[in-house]
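Dropping structure05.cif in here (mmCIF, C-alpha atoms):
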```
data_entry
loop_
_atom_site.label_atom_id
_atom_site.label_comp_id
_atom_site.auth_asym_id
_atom_site.auth_seq_id
_atom_site.Cartn_x
_atom_site.Cartn_y
_atom_site.Cartn_z
CA MET A 29 12.79 23.70 -5.66
CA ASP A 30 9.78 22.74 -3.65
CA VAL A 31 9.98 19.45 -1.73
CA SER A 32 7.06 18.35 0.45
CA MET A 33 5.03 15.40 1.65
CA ALA A 34 1.79 15.13 -0.32
CA PRO A 35 -1.45 14.30 1.53
CA GLU A 36 -1.67 11.08 -0.55
CA GLY A 37 1.51 9.82 1.14
CA HIS A 38 4.19 10.42 -1.50
CA ILE A 39 7.00 12.95 -1.71
CA LEU A 40 6.34 15.81 -4.12
CA LEU A 41 9.34 17.49 -5.77
CA ILE A 42 8.56 20.43 -8.04
CA LEU A 43 11.49 21.65 -10.10
CA PRO A 44 11.54 25.42 -10.71
CA PRO A 45 9.94 26.39 -14.06
CA GLY A 46 12.11 28.55 -16.28
CA GLU A 47 15.35 27.61 -14.51
CA VAL A 48 18.33 25.35 -15.17
CA VAL A 49 18.46 22.67 -12.47
CA THR A 50 22.06 22.32 -11.28
CA GLY A 51 23.85 19.65 -9.28
CA THR A 52 23.86 21.92 -6.23
CA MET A 53 20.09 22.39 -6.49
CA ALA A 54 19.57 18.65 -6.99
CA ALA A 55 21.76 17.83 -3.97
CA ALA A 56 19.72 20.18 -1.75
CA ALA A 57 16.48 18.60 -2.98
CA ASN A 58 17.94 15.11 -2.48
CA ASP A 59 18.86 15.98 1.12
CA GLU A 60 15.30 17.18 1.79
CA VAL A 61 13.83 14.05 0.16
CA GLY A 62 16.04 11.92 2.40
CA ARG A 63 14.93 13.88 5.47
CA LEU A 64 11.25 13.41 4.58
CA ALA A 65 11.67 9.71 3.82
CA GLY A 66 13.67 8.96 6.96
CA ILE A 67 14.45 5.24 7.03
CA ARG A 68 11.61 4.35 4.63
CA LYS A 69 11.74 4.14 0.86
CA MET A 70 9.05 6.50 -0.42
CA PRO A 71 7.34 7.01 -3.78
CA MET A 72 7.89 10.43 -5.34
CA LEU A 73 6.17 12.60 -7.93
CA LEU A 74 8.80 14.71 -9.71
CA VAL A 75 7.24 17.64 -11.58
CA LEU A 76 9.52 19.13 -14.23
CA THR A 77 6.98 21.11 -16.25
CA GLY A 78 8.56 24.25 -17.67
CA VAL A 79 12.12 23.54 -16.50
CA GLU A 80 14.62 25.10 -18.89
CA ALA A 81 17.25 22.35 -18.52
CA VAL A 82 18.78 19.79 -16.17
CA THR A 83 22.59 19.67 -15.95
CA ARG A 84 24.61 16.46 -16.09
CA SER A 85 25.60 16.92 -12.45
CA ALA A 86 21.92 17.21 -11.45
CA ARG A 87 21.14 14.06 -13.42
CA THR A 88 23.93 12.25 -11.55
CA VAL A 89 22.54 13.37 -8.18
CA PHE A 90 18.95 12.41 -9.04
CA SER A 91 20.01 8.98 -10.34
CA SER A 92 21.82 8.18 -7.09
CA ALA A 93 18.86 8.80 -4.74
CA GLN A 94 18.62 5.94 -2.27
CA SER A 95 15.45 6.79 -0.32
CA LEU A 96 12.96 6.35 -3.17
CA ALA A 97 10.72 3.35 -3.88
CA ALA A 98 9.44 4.68 -7.24
CA VAL A 99 9.53 7.96 -9.17
CA ALA A 100 6.80 9.25 -11.48
CA VAL A 101 8.18 12.09 -13.61
CA LEU A 102 5.47 14.52 -14.71
CA GLY A 103 5.76 16.90 -17.64
CA MET A 104 3.21 18.48 -19.95
CA THR A 105 5.04 19.53 -23.12
CA PRO A 106 7.26 17.92 -25.77
CA VAL A 107 10.19 19.88 -24.30
CA ASP A 108 9.41 18.40 -20.86
CA ARG A 109 9.58 14.94 -22.42
CA VAL A 110 13.00 15.68 -23.93
CA ILE A 111 14.28 16.92 -20.57
CA ALA A 112 12.83 13.83 -18.85
CA ASN A 113 14.55 11.57 -21.39
CA PHE A 114 17.86 13.31 -20.62
CA LEU A 115 17.21 13.07 -16.87
CA LEU A 116 16.35 9.37 -17.02
CA GLY A 117 18.98 8.40 -19.58
CA GLY A 118 22.63 7.69 -19.05
CA SER A 119 22.43 5.29 -16.13
CA VAL A 120 20.18 2.70 -14.57
CA GLN A 121 17.73 4.33 -12.18
CA PRO A 122 17.88 3.16 -8.53
CA CYS A 123 14.13 2.44 -8.48
CA PRO A 124 11.22 2.07 -10.95
CA THR A 125 10.93 5.38 -12.80
CA ARG A 126 8.46 6.41 -15.50
CA TYR A 127 7.45 9.56 -17.39
CA PHE A 128 3.82 10.74 -17.48
CA SER A 129 2.00 13.65 -19.08
CA SER A 130 -1.08 13.07 -16.88
CA GLU A 131 -0.92 13.68 -13.13
CA GLN A 132 -3.80 11.25 -12.57
CA GLU A 133 -1.94 8.44 -14.37
CA ALA A 134 1.29 9.27 -12.53
CA LEU A 135 -0.41 9.12 -9.12
CA GLY A 136 -2.18 5.87 -10.02
CA TRP A 137 1.15 4.32 -11.01
CA LEU A 138 2.77 5.52 -7.77
CA ARG A 139 -0.07 4.02 -5.71
CA ARG A 140 0.42 0.66 -7.43
CA LYS A 141 4.19 0.82 -6.87
CA SER A 142 3.85 1.64 -3.17
CA VAL A 143 1.73 -1.44 -2.48
CA ALA A 144 3.88 -3.76 -4.62
#
```
Could you take the file, read its structure, and then write that structure out as structure tokens?
Amino acid sequence: MDVSMAPEGHILLILPPGEVVTGTMAAAANDEVGRLAGIRKMPMLLVLTGVEAVTRSARTVFSSAQSLAAVAVLGMTPVDRVIANFLLGGSVQPCPTRYFSSEQEALGWLRRKSVA
């Protein structure tokens, strides 16, 4: 997984295309997100385009993230939407979270959430 700070001021998490995202992978990404955020709550763009699947344990890890102010989930295909629905379902998210199929719309939403 690729976790970085985007020039626009949000955290960017790109899940690996063609792979199953496991709880161990999610925990490592969550640790890096926490390191980047420090004591602040940061907005994050989560790109899941092309991911094969997300395990229940990964979903549990992602839904317990405490250092995020808002999460825009970006996918491009109908399969991405199904995976996003699984990822976002099952429990209440710790911050505002929304699925987008347009990166421009996702970034606009994140900008509005970070000033709110």
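You will find atom CA of A:Ala56 at 8.7 Å from atom CA of A:Met29.
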For A:Phe114, the nearest of the candidates A:Met72, A:Ala86, A:Ile42, A:Ala100, counting all atoms listed in the file: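 Checking each candidate against A:Phe114, we get A:Ala86 as the closest.
For the point (12.7, 20.8, 4.7), the residues with at least one atom inside 10 Å, counting only C-alpha atoms, are A:Asp30, A:Val31, A:Ser32, A:Met33, A:Ala56, A:Ala57, A:Asp59, A:Glu60, A:Val61, A:Gly62, A:Arg63, A:Leu64.
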Computed interatomic separation between atom CA of A:Val89 and atom CA of A:Glu131 (Å): 24.0 Å
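Residue nearest A:Val107 within the list A:Gly136, A:Pro122, A:Gly78, A:Pro35: A:Gly78 [criterion: smallest interatomic distance, all atoms listed in the file].
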d(atom CA of A:Ser130, atom CA of A:Val101) in Å: 9.9 Å
Explicit residues for the PyMOL selection byres ((chain A and resi 85) around 12) (as number ranges by chain): A: 48-55, 81-84, 86-92, 114-115, 118
Of the listed residues A:Met70, A:Val79, A:Ala134, A:Ala34, that which approaches A:Ala97 most closely, counting all atoms listed in the file: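 Nearest to A:Ala97: A:Met70.
The smallest atom-to-atom distance between A:Ala98 and any of A:Pro44, A:Gly37, A:Pro71, A:Gly66, using all atoms listed in the file, is found for A:Pro71.
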Proximity to A:Leu73 - best of A:Leu116, A:Leu41, A:Ala93, A:Ile111, all atoms listed in the file: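 So, comparing all the options, the nearest one is A:Leu41.
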Residue nearest A:Thr125 among A:Trp137, A:Val99, A:Lys69, A:Gly46 (counting all atoms listed in the file):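 Using all atoms listed in the file, A:Thr125 sits closest to A:Val99.
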